[in-house]
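**Q** Okay, so here is protein_0.cif, and as you'll see once you scroll down, it has mmCIF, C-alpha atoms.
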data_structure
#
loop_
_atom_site.label_atom_id
_atom_site.label_comp_id
_atom_site.auth_asym_id
_atom_site.auth_seq_id
_atom_site.Cartn_x
_atom_site.Cartn_y
_atom_site.Cartn_z
CA MET B 17 -118.19 104.60 -133.29
CA GLU B 18 -118.27 101.68 -130.95
CA LEU B 19 -121.72 101.51 -129.47
CA ILE B 20 -121.81 98.27 -127.58
CA LYS B 21 -119.22 96.30 -125.67
CA ARG B 22 -120.23 92.87 -124.55
CA ARG B 23 -118.85 90.51 -121.96
CA GLY B 24 -119.24 86.85 -123.01
CA ALA B 25 -121.88 84.64 -121.45
CA LEU B 26 -120.86 81.57 -119.48
CA ILE B 27 -123.22 78.88 -120.73
CA VAL B 28 -123.45 75.73 -118.66
CA VAL B 29 -125.10 72.65 -120.18
CA SER B 30 -125.99 69.55 -118.13
CA ALA B 31 -128.02 66.45 -118.89
CA PRO B 32 -128.54 62.93 -117.61
CA SER B 33 -126.47 60.33 -119.46
CA GLY B 34 -128.35 59.26 -122.60
CA ALA B 35 -130.12 62.60 -123.17
CA GLY B 36 -127.83 63.37 -126.12
CA LYS B 37 -125.82 66.24 -124.62
CA THR B 38 -122.55 65.48 -126.40
CA THR B 39 -124.17 65.45 -129.87
CA LEU B 40 -126.18 68.62 -129.18
CA CYS B 41 -123.15 70.54 -127.83
CA HIS B 42 -121.11 69.46 -130.85
CA GLU B 43 -123.86 70.55 -133.27
CA VAL B 44 -124.47 73.88 -131.56
CA ARG B 45 -120.73 74.67 -131.76
CA GLN B 46 -120.91 74.11 -135.52
CA ARG B 47 -123.96 76.33 -135.79
CA VAL B 48 -123.34 79.31 -133.51
CA PRO B 49 -120.25 81.36 -134.32
CA GLY B 50 -118.11 82.85 -131.54
CA LEU B 51 -118.49 80.04 -128.99
CA PHE B 52 -115.33 79.35 -127.02
CA TYR B 53 -114.46 75.75 -126.26
CA SER B 54 -112.90 75.32 -122.84
CA VAL B 55 -110.20 72.59 -122.70
CA SER B 56 -110.27 70.82 -119.31
CA HIS B 57 -107.33 69.63 -117.26
CA THR B 58 -107.28 65.93 -116.33
CA THR B 59 -105.05 63.46 -114.54
CA ARG B 60 -106.23 60.49 -116.61
CA ALA B 61 -103.94 59.09 -119.34
CA PRO B 62 -104.49 60.23 -122.94
CA ARG B 63 -106.51 57.76 -125.03
CA PRO B 64 -105.20 56.84 -128.50
CA GLY B 65 -105.57 59.85 -130.78
CA GLU B 66 -106.13 62.41 -128.00
CA VAL B 67 -103.96 65.49 -128.30
CA ASN B 68 -102.58 67.35 -125.28
CA GLY B 69 -103.88 70.93 -125.26
CA THR B 70 -106.68 70.13 -127.71
CA ASP B 71 -108.73 67.35 -126.12
CA PHE B 72 -107.44 67.89 -122.61
CA HIS B 73 -104.51 69.38 -120.79
CA PHE B 74 -102.98 66.16 -119.42
CA VAL B 75 -101.32 66.83 -116.05
CA THR B 76 -99.99 64.82 -113.12
CA GLU B 77 -101.97 64.52 -109.92
CA ALA B 78 -99.46 66.76 -108.14
CA GLU B 79 -99.88 69.45 -110.80
CA PHE B 80 -103.66 69.16 -110.65
CA LEU B 81 -103.83 69.39 -106.86
CA ALA B 82 -101.46 72.38 -106.83
CA MET B 83 -103.75 74.18 -109.31
CA ARG B 84 -106.83 73.23 -107.31
CA ASP B 85 -105.24 74.54 -104.12
CA ARG B 86 -104.51 77.93 -105.65
CA ASP B 87 -108.15 78.07 -106.82
CA ALA B 88 -107.23 77.82 -110.50
CA PHE B 89 -110.31 75.76 -111.39
CA ALA B 90 -113.75 77.24 -111.94
CA GLU B 91 -115.07 73.76 -111.08
CA TRP B 92 -113.40 70.40 -110.61
CA ALA B 93 -114.44 66.82 -109.93
CA SER B 94 -113.01 63.41 -109.22
CA VAL B 95 -114.49 60.72 -111.47
CA HIS B 96 -113.35 57.06 -111.34
CA ASP B 97 -110.14 58.05 -109.49
CA HIS B 98 -109.20 60.76 -111.99
CA TYR B 99 -109.45 64.49 -111.60
CA TYR B 100 -111.07 66.83 -114.13
CA GLY B 101 -111.13 70.62 -113.90
CA THR B 102 -112.11 73.73 -115.88
CA PRO B 103 -109.26 76.27 -115.76
CA VAL B 104 -110.36 79.73 -114.60
CA GLN B 105 -107.79 81.70 -116.56
CA ALA B 106 -108.75 80.61 -120.10
CA LEU B 107 -112.43 80.88 -119.22
CA GLU B 108 -112.22 84.42 -117.86
CA GLY B 109 -109.94 85.49 -120.71
CA ALA B 110 -112.56 84.37 -123.23
CA LEU B 111 -115.47 86.03 -121.37
CA SER B 112 -113.66 89.36 -121.12
CA ARG B 113 -112.89 89.22 -124.87
CA GLY B 114 -116.67 88.94 -125.44
CA LEU B 115 -116.67 85.25 -126.35
CA ASP B 116 -119.42 83.02 -125.03
CA VAL B 117 -118.09 79.92 -123.28
CA LEU B 118 -120.05 76.68 -123.58
CA LEU B 119 -119.31 74.25 -120.72
CA ASP B 120 -120.65 70.73 -120.81
CA ILE B 121 -120.62 69.54 -117.18
CA ASP B 122 -122.63 67.47 -114.69
CA THR B 123 -125.15 68.83 -112.16
CA HIS B 124 -122.53 68.81 -109.41
CA GLY B 125 -120.05 70.89 -111.46
CA ALA B 126 -122.92 73.19 -112.51
CA ARG B 127 -123.70 73.92 -108.85
CA GLN B 128 -120.04 74.83 -108.21
CA LEU B 129 -120.02 77.12 -111.24
CA ARG B 130 -123.24 78.92 -110.33
CA GLN B 131 -121.80 79.69 -106.90
CA ARG B 132 -118.68 81.22 -108.43
CA TYR B 133 -120.46 82.79 -111.43
CA PRO B 134 -124.05 83.60 -110.43
CA GLU B 135 -124.48 85.31 -113.81
CA ALA B 136 -123.93 81.99 -115.67
CA VAL B 137 -126.70 80.91 -118.03
CA SER B 138 -127.59 77.28 -117.38
CA ILE B 139 -129.44 74.86 -119.63
CA PHE B 140 -130.71 71.41 -118.71
CA ILE B 141 -131.20 68.89 -121.51
CA MET B 142 -133.66 66.08 -121.00
CA ALA B 143 -134.80 63.04 -122.98
CA PRO B 144 -138.57 62.99 -123.64
CA SER B 145 -139.08 60.33 -120.90
CA MET B 146 -137.21 57.92 -118.64
CA LYS B 147 -138.31 55.05 -120.91
CA GLU B 148 -136.71 56.83 -123.85
CA LEU B 149 -133.57 57.53 -121.81
CA GLU B 150 -133.33 53.84 -120.87
CA ALA B 151 -133.88 52.78 -124.48
CA ARG B 152 -131.11 55.13 -125.62
CA LEU B 153 -128.69 53.77 -123.01
CA ARG B 154 -129.48 50.18 -124.09
CA GLU B 155 -129.08 51.06 -127.79
CA ARG B 156 -125.51 52.07 -127.12
CA ASN B 157 -124.86 48.39 -126.43
CA SER B 158 -121.46 49.23 -125.03
CA ASP B 159 -122.60 49.31 -121.42
CA ALA B 160 -123.15 46.24 -119.23
CA PRO B 161 -126.62 45.90 -117.56
CA MET B 162 -125.18 46.86 -114.16
CA GLU B 163 -123.67 49.98 -115.71
CA ILE B 164 -127.02 50.86 -117.36
CA ALA B 165 -128.82 50.46 -114.01
CA ARG B 166 -126.20 52.65 -112.34
CA ARG B 167 -126.55 55.32 -115.04
CA LEU B 168 -130.35 55.28 -114.77
CA ALA B 169 -130.24 55.74 -110.99
CA ARG B 170 -127.82 58.62 -111.49
CA ALA B 171 -130.06 60.08 -114.23
CA ARG B 172 -133.00 60.20 -111.79
CA GLU B 173 -130.84 62.14 -109.34
CA GLU B 174 -129.70 64.55 -112.02
CA ILE B 175 -133.23 65.14 -113.39
CA ALA B 176 -134.31 66.21 -109.90
CA ALA B 177 -132.02 69.25 -110.34
CA TRP B 178 -133.73 70.57 -113.50
CA ARG B 179 -135.36 73.54 -111.77
CA GLN B 180 -131.97 74.91 -110.70
CA TYR B 181 -131.28 75.61 -114.39
CA ASP B 182 -132.44 78.68 -116.29
CA TYR B 183 -133.65 76.87 -119.39
CA LEU B 184 -134.93 73.43 -120.28
CA VAL B 185 -134.45 71.73 -123.64
CA ILE B 186 -136.26 68.45 -124.36
CA ASN B 187 -134.29 66.45 -126.90
CA ARG B 188 -137.05 64.80 -128.96
CA ASP B 189 -135.36 65.61 -132.23
CA VAL B 190 -131.73 66.70 -132.64
CA LYS B 191 -132.42 69.47 -135.17
CA GLU B 192 -135.19 70.97 -133.03
CA ALA B 193 -133.14 70.75 -129.83
CA VAL B 194 -130.11 72.39 -131.50
CA ASP B 195 -132.44 75.19 -132.71
CA GLN B 196 -133.57 75.74 -129.12
CA LEU B 197 -130.02 75.80 -127.75
CA ALA B 198 -128.95 78.26 -130.45
CA THR B 199 -132.00 80.46 -129.75
CA VAL B 200 -131.19 80.64 -126.03
CA ILE B 201 -127.52 81.48 -126.69
CA GLU B 202 -128.44 84.16 -129.25
CA ALA B 203 -131.07 85.73 -126.97
CA GLU B 204 -128.59 85.89 -124.10
CA ARG B 205 -126.22 87.90 -126.30
CA TRP B 206 -128.65 90.80 -125.84
CA HIS B 207 -128.98 90.47 -122.08
CA THR B 208 -128.32 93.90 -120.58
CA SER B 209 -126.31 92.46 -117.64
CA ARG B 210 -123.34 91.83 -119.95
CA LEU B 211 -123.57 94.99 -122.07
CA THR B 212 -121.84 98.34 -121.81
CA LEU B 213 -123.18 101.12 -124.00
CA THR B 214 -121.37 104.13 -125.30
CA PHE B 215 -123.65 106.68 -126.91
CA PRO B 216 -121.38 109.51 -127.98
CA ASP B 217 -124.20 112.03 -127.83
CA VAL B 218 -126.15 111.09 -124.72
CA GLU B 219 -125.11 110.25 -121.22
CA VAL B 220 -126.01 106.63 -120.56
CA PRO B 221 -125.48 105.45 -116.99
CA GLU B 222 -123.63 102.16 -116.44
CA MET N 17 -148.93 62.12 -122.32
CA GLU N 18 -148.67 65.75 -121.42
CA LEU N 19 -145.08 66.40 -120.53
CA ILE N 20 -144.83 70.12 -120.14
CA LYS N 21 -147.23 72.77 -118.94
CA ARG N 22 -146.20 76.34 -119.47
CA ARG N 23 -147.35 79.60 -117.97
CA GLY N 24 -147.16 82.46 -120.49
CA ALA N 25 -144.42 85.06 -120.28
CA LEU N 26 -145.29 88.70 -119.67
CA ILE N 27 -143.14 90.58 -122.18
CA VAL N 28 -142.76 94.28 -121.64
CA VAL N 29 -141.37 96.41 -124.46
CA SER N 30 -140.35 100.05 -124.01
CA ALA N 31 -138.50 102.52 -126.20
CA PRO N 32 -137.94 106.23 -126.55
CA SER N 33 -140.24 107.86 -129.06
CA GLY N 34 -138.74 107.49 -132.54
CA ALA N 35 -136.96 104.18 -131.88
CA GLY N 36 -139.52 102.30 -133.97
CA LYS N 37 -141.29 100.37 -131.21
CA THR N 38 -144.76 100.40 -132.79
CA THR N 39 -143.53 98.94 -136.10
CA LEU N 40 -141.37 96.31 -134.37
CA CYS N 41 -144.18 95.19 -132.04
CA HIS N 42 -146.55 94.94 -135.00
CA GLU N 43 -144.06 92.89 -137.02
CA VAL N 44 -143.19 90.57 -134.16
CA ARG N 45 -146.91 89.85 -133.60
CA GLN N 46 -147.15 88.79 -137.25
CA ARG N 47 -144.09 86.60 -136.89
CA VAL N 48 -144.38 84.84 -133.53
CA PRO N 49 -147.50 82.70 -133.07
CA GLY N 50 -149.28 82.57 -129.70
CA LEU N 51 -148.71 86.18 -128.65
CA PHE N 52 -151.66 87.71 -126.81
CA TYR N 53 -152.55 91.30 -127.53
CA SER N 54 -153.73 93.17 -124.45
CA VAL N 55 -156.45 95.77 -125.14
CA SER N 56 -156.06 98.78 -122.83
CA HIS N 57 -158.78 100.80 -121.14
CA THR N 58 -158.81 104.52 -121.83
CA THR N 59 -160.90 107.58 -120.99
CA ARG N 60 -160.02 109.39 -124.22
CA ALA N 61 -162.61 109.58 -127.02
CA PRO N 62 -162.44 107.06 -129.86
CA ARG N 63 -160.73 108.39 -133.01
CA PRO N 64 -162.44 107.79 -136.36
CA GLY N 65 -162.25 104.10 -137.22
CA GLU N 66 -161.32 102.92 -133.71
CA VAL N 67 -163.44 100.04 -132.46
CA ASN N 68 -164.41 99.64 -128.82
CA GLY N 69 -163.04 96.35 -127.45
CA THR N 70 -160.54 95.98 -130.30
CA ASP N 71 -158.41 99.13 -130.24
CA PHE N 72 -159.29 100.16 -126.71
CA HIS N 73 -161.96 99.63 -124.12
CA PHE N 74 -163.42 103.15 -124.05
CA VAL N 75 -164.68 103.98 -120.57
CA THR N 76 -165.73 107.05 -118.60
CA GLU N 77 -163.43 108.61 -116.05
CA ALA N 78 -165.68 107.36 -113.24
CA GLU N 79 -165.49 103.81 -114.58
CA PHE N 80 -161.71 104.05 -114.98
CA LEU N 81 -161.14 105.40 -111.46
CA ALA N 82 -163.41 102.74 -109.94
CA MET N 83 -161.34 100.03 -111.69
CA ARG N 84 -158.11 101.65 -110.61
CA ASP N 85 -159.31 101.81 -107.02
CA ARG N 86 -160.09 98.12 -106.92
CA ASP N 87 -156.62 97.39 -108.31
CA ALA N 88 -157.95 96.14 -111.63
CA PHE N 89 -155.03 97.58 -113.63
CA ALA N 90 -151.62 95.93 -113.89
CA GLU N 91 -150.32 99.42 -114.70
CA TRP N 92 -151.99 102.72 -115.48
CA ALA N 93 -150.97 106.21 -116.46
CA SER N 94 -152.40 109.64 -117.08
CA VAL N 95 -151.24 111.13 -120.39
CA HIS N 96 -152.46 114.52 -121.67
CA ASP N 97 -155.41 114.48 -119.23
CA HIS N 98 -156.55 111.01 -120.26
CA TYR N 99 -156.17 107.74 -118.39
CA TYR N 100 -154.79 104.55 -119.88
CA GLY N 101 -154.62 101.20 -118.10
CA THR N 102 -153.79 97.52 -118.72
CA PRO N 103 -156.55 95.32 -117.24
CA VAL N 104 -155.23 92.63 -114.88
CA GLN N 105 -157.97 90.08 -115.56
CA ALA N 106 -157.42 89.58 -119.32
CA LEU N 107 -153.66 89.62 -118.82
CA GLU N 108 -153.62 86.97 -116.09
CA GLY N 109 -156.18 84.86 -117.97
CA ALA N 110 -153.88 84.78 -121.00
CA LEU N 111 -150.75 83.99 -118.93
CA SER N 112 -152.43 81.10 -117.13
CA ARG N 113 -153.60 79.68 -120.50
CA GLY N 114 -149.92 79.63 -121.53
CA LEU N 115 -150.11 82.60 -123.89
CA ASP N 116 -147.29 85.11 -123.92
CA VAL N 117 -148.49 88.68 -123.49
CA LEU N 118 -146.65 91.46 -125.32
CA LEU N 119 -147.14 94.87 -123.67
CA ASP N 120 -145.91 98.00 -125.36
CA ILE N 121 -145.56 100.60 -122.57
CA ASP N 122 -143.36 103.47 -121.39
CA THR N 123 -140.56 103.23 -118.82
CA HIS N 124 -142.86 104.44 -116.05
CA GLY N 125 -145.49 101.75 -116.77
CA ALA N 126 -142.71 99.16 -117.09
CA ARG N 127 -141.52 100.01 -113.57
CA GLN N 128 -145.07 99.51 -112.21
CA LEU N 129 -145.36 96.18 -113.99
CA ARG N 130 -142.01 94.84 -112.78
CA GLN N 131 -143.05 95.60 -109.21
CA ARG N 132 -146.27 93.64 -109.60
CA TYR N 133 -144.81 90.93 -111.86
CA PRO N 134 -141.10 90.54 -111.01
CA GLU N 135 -140.98 87.56 -113.40
CA ALA N 136 -141.82 89.82 -116.39
CA VAL N 137 -139.34 89.77 -119.27
CA SER N 138 -138.48 93.31 -120.28
CA ILE N 139 -136.95 94.53 -123.51
CA PHE N 140 -135.67 98.02 -124.26
CA ILE N 141 -135.55 99.13 -127.89
CA MET N 142 -133.11 101.84 -128.85
CA ALA N 143 -132.28 103.77 -132.01
CA PRO N 144 -128.61 103.45 -133.05
CA SER N 145 -127.89 107.00 -131.73
CA MET N 146 -129.56 110.16 -130.49
CA LYS N 147 -128.79 111.82 -133.84
CA GLU N 148 -130.64 109.02 -135.59
CA LEU N 149 -133.53 109.29 -133.13
CA GLU N 150 -133.78 113.04 -133.78
CA ALA N 151 -133.65 112.49 -137.54
CA ARG N 152 -136.46 109.94 -137.30
CA LEU N 153 -138.61 112.30 -135.24
CA ARG N 154 -138.07 115.10 -137.80
CA GLU N 155 -138.85 112.78 -140.73
CA ARG N 156 -142.30 112.19 -139.32
CA ASN N 157 -142.97 115.86 -140.11
CA SER N 158 -146.18 115.74 -138.14
CA ASP N 159 -144.65 117.11 -134.97
CA ALA N 160 -143.98 120.79 -134.32
CA PRO N 161 -140.36 121.74 -133.38
CA MET N 162 -141.37 122.31 -129.75
CA GLU N 163 -142.94 118.87 -129.67
CA ILE N 164 -139.77 117.33 -131.16
CA ALA N 165 -137.62 119.04 -128.51
CA ARG N 166 -139.98 117.80 -125.82
CA ARG N 167 -139.85 114.24 -127.16
CA LEU N 168 -136.04 114.32 -127.35
CA ALA N 169 -135.73 115.47 -123.75
CA ARG N 170 -138.11 112.69 -122.73
CA ALA N 171 -136.12 110.19 -124.86
CA ARG N 172 -132.94 111.04 -122.92
CA GLU N 173 -134.77 110.32 -119.66
CA GLU N 174 -136.12 107.04 -120.97
CA ILE N 175 -132.76 105.87 -122.34
CA ALA N 176 -131.27 106.33 -118.87
CA ALA N 177 -133.51 103.43 -117.76
CA TRP N 178 -132.13 100.87 -120.25
CA ARG N 179 -130.25 98.87 -117.62
CA GLN N 180 -133.47 98.13 -115.71
CA TYR N 181 -134.54 96.00 -118.67
CA ASP N 182 -133.51 92.38 -119.23
CA TYR N 183 -132.69 92.71 -122.91
CA LEU N 184 -131.59 95.44 -125.28
CA VAL N 185 -132.47 95.59 -128.97
CA ILE N 186 -130.84 98.23 -131.17
CA ASN N 187 -133.13 99.05 -134.10
CA ARG N 188 -130.63 99.63 -136.93
CA ASP N 189 -132.64 97.56 -139.37
CA VAL N 190 -136.27 96.47 -138.90
CA LYS N 191 -135.78 92.89 -140.11
CA GLU N 192 -132.75 92.37 -137.84
CA ALA N 193 -134.47 93.95 -134.82
CA VAL N 194 -137.61 91.82 -135.32
CA ASP N 195 -135.36 88.72 -135.49
CA GLN N 196 -133.83 89.69 -132.15
CA LEU N 197 -137.21 90.30 -130.51
CA ALA N 198 -138.51 86.96 -131.81
CA THR N 199 -135.34 85.19 -130.59
CA VAL N 200 -135.75 86.58 -127.07
CA ILE N 201 -139.45 85.63 -126.93
CA GLU N 202 -138.75 82.11 -128.21
CA ALA N 203 -135.84 81.57 -125.80
CA GLU N 204 -137.99 82.69 -122.86
CA ARG N 205 -140.54 79.99 -123.75
CA TRP N 206 -138.02 77.47 -122.39
CA HIS N 207 -137.29 79.34 -119.18
CA THR N 208 -137.72 76.87 -116.32
CA SER N 209 -139.42 79.44 -114.06
CA ARG N 210 -142.64 79.13 -116.09
CA LEU N 211 -142.57 75.37 -116.71
CA THR N 212 -144.18 72.47 -114.88
CA LEU N 213 -143.02 68.99 -115.85
CA THR N 214 -144.90 65.76 -115.57
CA PHE N 215 -142.75 62.74 -116.23
CA PRO N 216 -145.08 59.77 -115.75
CA ASP N 217 -142.19 57.47 -114.88
CA VAL N 218 -139.94 59.56 -112.68
CA GLU N 219 -140.59 61.83 -109.77
CA VAL N 220 -139.69 65.36 -110.75
CA PRO N 221 -139.87 67.91 -107.96
CA GLU N 222 -141.71 71.16 -108.59
#
Would you write the structure of this file as structure tokens?
**A**
Amino acid sequence: MELIKRRGALIVVSAPSGAGKTTLCHEVRQRVPGLFYSVSHTTRAPRPGEVNGTDFHFVTEAEFLAMRDRDAFAEWASVHDHYYGTPVQALEGALSRGLDVLLDIDTHGARQLRQRYPEAVSIFIMAPSMKELEARLRERNSDAPMEIARRLARAREEIAAWRQYDYLVINRDVKEAVDQLATVIEAERWHTSRLTLTFPDVEVPE
Amino acid sequence: MELIKRRGALIVVSAPSGAGKTTLCHEVRQRVPGLFYSVSHTTRAPRPGEVNGTDFHFVTEAEFLAMRDRDAFAEWASVHDHYYGTPVQALEGALSRGLDVLLDIDTHGARQLRQRYPEAVSIFIMAPSMKELEARLRERNSDAPMEIARRLARAREEIAAWRQYDYLVINRDVKEAVDQLATVIEAERWHTSRLTLTFPDVEVPE
């Protein structure tokens, strides 16, 4: 007897650069079973080792713009003269099969997604303070001072959007922050808005 | 440096009779620290062993009605000629001190509470099937057949309200159901709607 059918949750994760989003999203994918990884389309060239269809779907600008124009992206952005987009079809296919989709996108993309999918669950990840964020950006060493200043200014803008998200996770400690992300995702699996119940012996309204 | 201030969450739990709500609420209170237990007012007489102020605040009908008339109850009901009510003052005191309040009430009381506190988090607990619910009611042995029939009819009415709740928990196994309740309560502790952030070195809008 199938009691419960569940539509997947669309889980949107944003964070200012340096807050540790990439590590946390990677860890939470290892931890929580049944999370669907959405492969983005991009017009930038593959980097050494990147595999088409796994890391990205690499497409030409003409192909990207044609997809954008027929509304085939759930959200898209232009970053450093390249386009990036989340394809609607794979995303909706996963959700309707009951898989939760974890999307790691910036505050601008998150706003686009919430407009199209108001039922999305959004999580904002923050470093414990701006000082800590700055220290983490400097530790990376790979960025020039001008680039660090630019990222910090952008981080301040992004942090101002925290209240538009459903949940906040402060990344003081990776293990603790991954626990919190996993807890939110697991709780949302029981949200009634995505459930359909079939009780064979009682009439349950939709 | 105090980073985060949190208002408590008002957590409303309902279930049809026989779904195991009392056991689950007791277990979750043992498990999750920082849950506030709201002591109800009632006009019924104390049963042997019940302590005034701990199990209930025992009051006269005149006292109860005076409180009700000055809107001192977050929700109230009349059951078998006795009044029961959840006092607003203790509840709001706990919430503003950042304590989560777990209220175990019926679907009617839950509707009253959601009107007054639209930010309440509501959880509906269900038995795996009506057959199972009926079996559990019979196992109790203490109820006469008429009483069981009455409770089953009432259960069908209550189950019809499941979609008005935020979360659903199916009580197949006590340990698993308590895990789910605890997961929902812990996730809701990071809901942005109840958080205030103070970053000393960046301006974060309310």
**Q** Output the contact residues of chain B with respect to chain N at a cut-off of 9 Å, based on all atoms listed in the file, as number ranges by chain.
**A** B: 19, 144-147, 172, 175-185, 196-209, 211, 215-222
**Q** Mind dumping the selected residues with C-alpha atoms as an mmCIF file, in the coordinates of the input?
**A**
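Once everything was written out, this is again_10.cif:
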data_model
loop_
_atom_site.group_PDB
_atom_site.id
_atom_site.type_symbol
_atom_site.label_atom_id
_atom_site.label_comp_id
_atom_site.auth_asym_id
_atom_site.auth_seq_id
_atom_site.Cartn_x
_atom_site.Cartn_y
_atom_site.Cartn_z
ATOM 1 C CA LEU B 19 -121.720 101.510 -129.470
ATOM 2 C CA PRO B 144 -138.570 62.990 -123.640
ATOM 3 C CA SER B 145 -139.080 60.330 -120.900
ATOM 4 C CA MET B 146 -137.210 57.920 -118.640
ATOM 5 C CA LYS B 147 -138.310 55.050 -120.910
ATOM 6 C CA ARG B 172 -133.000 60.200 -111.790
ATOM 7 C CA ILE B 175 -133.230 65.140 -113.390
ATOM 8 C CA ALA B 176 -134.310 66.210 -109.900
ATOM 9 C CA ALA B 177 -132.020 69.250 -110.340
ATOM 10 C CA TRP B 178 -133.730 70.570 -113.500
ATOM 11 C CA ARG B 179 -135.360 73.540 -111.770
ATOM 12 C CA GLN B 180 -131.970 74.910 -110.700
ATOM 13 C CA TYR B 181 -131.280 75.610 -114.390
ATOM 14 C CA ASP B 182 -132.440 78.680 -116.290
ATOM 15 C CA TYR B 183 -133.650 76.870 -119.390
ATOM 16 C CA LEU B 184 -134.930 73.430 -120.280
ATOM 17 C CA VAL B 185 -134.450 71.730 -123.640
ATOM 18 C CA GLN B 196 -133.570 75.740 -129.120
ATOM 19 C CA LEU B 197 -130.020 75.800 -127.750
ATOM 20 C CA ALA B 198 -128.950 78.260 -130.450
ATOM 21 C CA THR B 199 -132.000 80.460 -129.750
ATOM 22 C CA VAL B 200 -131.190 80.640 -126.030
ATOM 23 C CA ILE B 201 -127.520 81.480 -126.690
ATOM 24 C CA GLU B 202 -128.440 84.160 -129.250
ATOM 25 C CA ALA B 203 -131.070 85.730 -126.970
ATOM 26 C CA GLU B 204 -128.590 85.890 -124.100
ATOM 27 C CA ARG B 205 -126.220 87.900 -126.300
ATOM 28 C CA TRP B 206 -128.650 90.800 -125.840
ATOM 29 C CA HIS B 207 -128.980 90.470 -122.080
ATOM 30 C CA THR B 208 -128.320 93.900 -120.580
ATOM 31 C CA SER B 209 -126.310 92.460 -117.640
ATOM 32 C CA LEU B 211 -123.570 94.990 -122.070
ATOM 33 C CA PHE B 215 -123.650 106.680 -126.910
ATOM 34 C CA PRO B 216 -121.380 109.510 -127.980
ATOM 35 C CA ASP B 217 -124.200 112.030 -127.830
ATOM 36 C CA VAL B 218 -126.150 111.090 -124.720
ATOM 37 C CA GLU B 219 -125.110 110.250 -121.220
ATOM 38 C CA VAL B 220 -126.010 106.630 -120.560
ATOM 39 C CA PRO B 221 -125.480 105.450 -116.990
ATOM 40 C CA GLU B 222 -123.630 102.160 -116.440
#
**Q** Given the file shown, determine the residues that the PyMOL selection byres ((chain B and resi 116) around 7) selects; report them as a VMD selection string.
**A** chain B and resid 24 to 26 50 to 52 111 114 to 115 117 to 118
**Q** How would the residues just chosen look if you wrote them out with C-alpha atoms as a short mmCIF file (atom, residue, chain, number, x, y, z; two decimals), keeping the file's coordinate frame?
**A**
data_model
loop_
_atom_site.label_atom_id
_atom_site.label_comp_id
_atom_site.auth_asym_id
_atom_site.auth_seq_id
_atom_site.Cartn_x
_atom_site.Cartn_y
_atom_site.Cartn_z
CA GLY B 24 -119.24 86.85 -123.01
CA ALA B 25 -121.88 84.64 -121.45
CA LEU B 26 -120.86 81.57 -119.48
CA GLY B 50 -118.11 82.85 -131.54
CA LEU B 51 -118.49 80.04 -128.99
CA PHE B 52 -115.33 79.35 -127.02
CA LEU B 111 -115.47 86.03 -121.37
CA GLY B 114 -116.67 88.94 -125.44
CA LEU B 115 -116.67 85.25 -126.35
CA VAL B 117 -118.09 79.92 -123.28
CA LEU B 118 -120.05 76.68 -123.58
#
**Q** Just give me the gap between CA of Ile141 (chain B) and CA of Gly36 (chain B) in Å, one decimal is fine.
**A**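 According to the coordinates, CA of Ile141 (chain B) and CA of Gly36 (chain B) are separated by 7.9 Å.
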**Q** Any idea what's packed within 9 Å of Leu107 (chain N), counting all atoms listed in the file, ignoring anything in its chain fewer than 2 positions away? Could you give it as a short mmCIF file (atom, residue, chain, number, x, y, z; two decimals) with C-alpha atoms, in the frame of the given file?
**A**
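Just written: out_19.cif:
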data_model
loop_
_atom_site.label_atom_id
_atom_site.label_comp_id
_atom_site.auth_asym_id
_atom_site.auth_seq_id
_atom_site.Cartn_x
_atom_site.Cartn_y
_atom_site.Cartn_z
CA LEU N 26 -145.29 88.70 -119.67
CA PHE N 52 -151.66 87.71 -126.81
CA TYR N 53 -152.55 91.30 -127.53
CA SER N 54 -153.73 93.17 -124.45
CA ALA N 90 -151.62 95.93 -113.89
CA THR N 102 -153.79 97.52 -118.72
CA PRO N 103 -156.55 95.32 -117.24
CA VAL N 104 -155.23 92.63 -114.88
CA GLN N 105 -157.97 90.08 -115.56
CA GLY N 109 -156.18 84.86 -117.97
CA ALA N 110 -153.88 84.78 -121.00
CA LEU N 111 -150.75 83.99 -118.93
CA SER N 112 -152.43 81.10 -117.13
CA VAL N 117 -148.49 88.68 -123.49
#
**Q** Considering only C-alpha atoms, state which residue in the set B:Val28, B:Leu40, B:Ala193, B:Leu168 is at the smallest distance from Arg152 (chain B).
**A**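 Of all the options, B:Leu168 lies closest to Arg152 (chain B).
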**Q** One number please: CA of Phe72 (chain B) to CA of Tyr133 (chain B), in Å, one decimal.
**A** 22.7 Å
**Q** Please determine, counting all atoms listed in the file, which residue among N:Glu91, N:Glu163, N:Asp85, N:Glu155 has the shortest atom-to-atom distance to His57 (chain N).
**A**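 The shortest atom-to-atom distance to His57 (chain N) comes from N:Glu91.
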**Q** Enclose region 159-175 of chain N, meaning all of its atoms listed in the file, in a box aligned along x, y and z, pad it by 3 Å on each side, and list the centre and edge lengths in Å to one decimal, as AutoDock Vina command-line options.
**A**
--center_x -138.7 --center_y 114.1 --center_z -127.3 --size_x 17.9 --size_y 22.4 --size_z 21.3
